[in-house]
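*Asks:* A single structure is presented below for examination.
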Amino acid sequence: MQFNIRGENIEVTPALREYVEKKVAKLKRYFNETPNTDAYVNLKVYNNTQSVEVTIPMTGLLLRAEESHTDMYAAIDLVIEKLERQIRKHKTKVNRRSKQNGGIHEMIANSADATTTIVLDEEEDEFEIVREKRFDLKPMDTEEAILQMDLLGHNFFVYNHAETGTTNVVYKRKDGRYGLISPE
C-alpha cells in the first residue's frame, strides 16, 4: 500500500507521517493479501480543529472516513476506528452473501479469512426509514433556496431551479459556507 499524505494549513512532519502510515498499515490485517492500492490521507487544520480524511479506493470497495478533534493524533485514531468498522461491516455482508448462496465464494482480496469471525448487530447492517416526507418542489433561484434553508433551520434544501428546471440541492458545509448539488 502506497501512502499519499497531504497537509492543509499544517506541515506533515516525519513523526506525523510515520504515525499515519503505522495506523493505516494496521488495516492490512483485515485482508488475505495486502491491497495493492494507494491510501490518500489529507490532514487539515482550521482554527482549533484538526481533521483527518482518509480515502482508500479498492476493487469493489471504497473506504472513506473523516474525523475531527482538537488533537491530530486523536483524530487519526478515530478515523482508523471508523475505517475498521466499515471493513468489518463489508466483510459481514460478503460472508452473509456467500452463506445465502450455498457456498463460500472467493471474493476479491477483501473477503474474510476463514479464521476471522465478525459479529455485528443486525441494526447496523440494515437501513430503516423512520420518516418519509413528500412536498412540491417550488421553482426558485439558488439564493432564495439558501434563504429558505436558513429560515427552516435545516442543513440542506431541495428545490427546482427556476431557470433550468432541474432539481438541485443546496447544503451547509462544516466550514459554514454553502454547497450546491445539481445534475449535469
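Ordering of the C-alpha cells sets the chain letters (A, B, ...); residue numbers start at 1 within each chain; ligands are numbered from 1 in the order shown.
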Within 10 Å of A:Arg6, counting only C-alpha atoms, which residues qualify if same-chain residues fewer than 4 places away don't, as a ChimeraX atom specification?
*Replies:* /A:10-12,17,40-44,53
*Asks:* Kindly export the residues of the current selection with N, CA and C atoms, as a short mmCIF file (atom, residue, chain, number, x, y, z; two decimals), in the first residue's frame.
*Replies:*
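And here is the file that came out, part.cif:
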```
data_model
loop_
_atom_site.label_atom_id
_atom_site.label_comp_id
_atom_site.auth_asym_id
_atom_site.auth_seq_id
_atom_site.Cartn_x
_atom_site.Cartn_y
_atom_site.Cartn_z
N ILE A 10 -1.02 22.75 7.65
CA ILE A 10 -0.19 22.01 8.60
C ILE A 10 0.98 21.40 7.83
N GLU A 11 2.14 21.39 8.46
CA GLU A 11 3.30 20.73 7.88
C GLU A 11 3.28 19.27 8.31
N VAL A 12 3.42 18.38 7.35
CA VAL A 12 3.44 16.96 7.65
C VAL A 12 4.86 16.59 8.07
N ARG A 17 3.91 11.70 9.72
CA ARG A 17 3.83 10.78 8.57
C ARG A 17 3.99 9.33 9.03
N TYR A 40 -4.98 7.66 0.37
CA TYR A 40 -4.92 9.11 0.33
C TYR A 40 -5.31 9.66 1.70
N VAL A 41 -4.39 10.37 2.33
CA VAL A 41 -4.62 10.91 3.66
C VAL A 41 -4.47 12.42 3.57
N ASN A 42 -5.50 13.14 4.01
CA ASN A 42 -5.49 14.59 3.98
C ASN A 42 -5.62 15.10 5.41
N LEU A 43 -4.60 15.78 5.90
CA LEU A 43 -4.60 16.33 7.25
C LEU A 43 -4.91 17.82 7.13
N LYS A 44 -5.89 18.30 7.90
CA LYS A 44 -6.31 19.70 7.81
C LYS A 44 -6.35 20.33 9.19
N GLU A 53 -8.84 13.08 6.84
CA GLU A 53 -9.69 12.44 5.84
C GLU A 53 -8.85 11.35 5.18
#
```
*Asks:* Run DSSP on the backbone of this structure and report the residues of chain A it assigns to strand (DSSP E), as JSON, numbers by chain.
*Replies:* {"A": [2, 3, 4, 5, 6, 7, 8, 38, 39, 40, 41, 42, 43, 44, 45, 46, 49, 50, 51, 52, 53, 54, 55, 56, 57, 58, 61, 62, 63, 64, 65, 66, 67, 68, 69, 139, 140, 156, 157, 158, 159, 160, 161, 167, 168, 169, 170, 171, 172, 178, 179, 180, 181]}
*Asks:* Which one is closest to A:Lys23: A:Tyr171, A:Tyr73, A:Phe135, A:Tyr46? Count only C-alpha atoms.
*Replies:* A:Tyr73
*Asks:* I'd like the interatomic distance between atom CA of A:Asp150 and atom CA of A:Ser182, to a tenth of an Å.
*Replies:*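 Atom CA of A:Ser182 lies at a distance of 19.2 Å from atom CA of A:Asp150.
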*Asks:* So how far away is atom CA of A:Met1 from atom CA of A:Glu21, in Å?
*Replies:* 9.6 Å
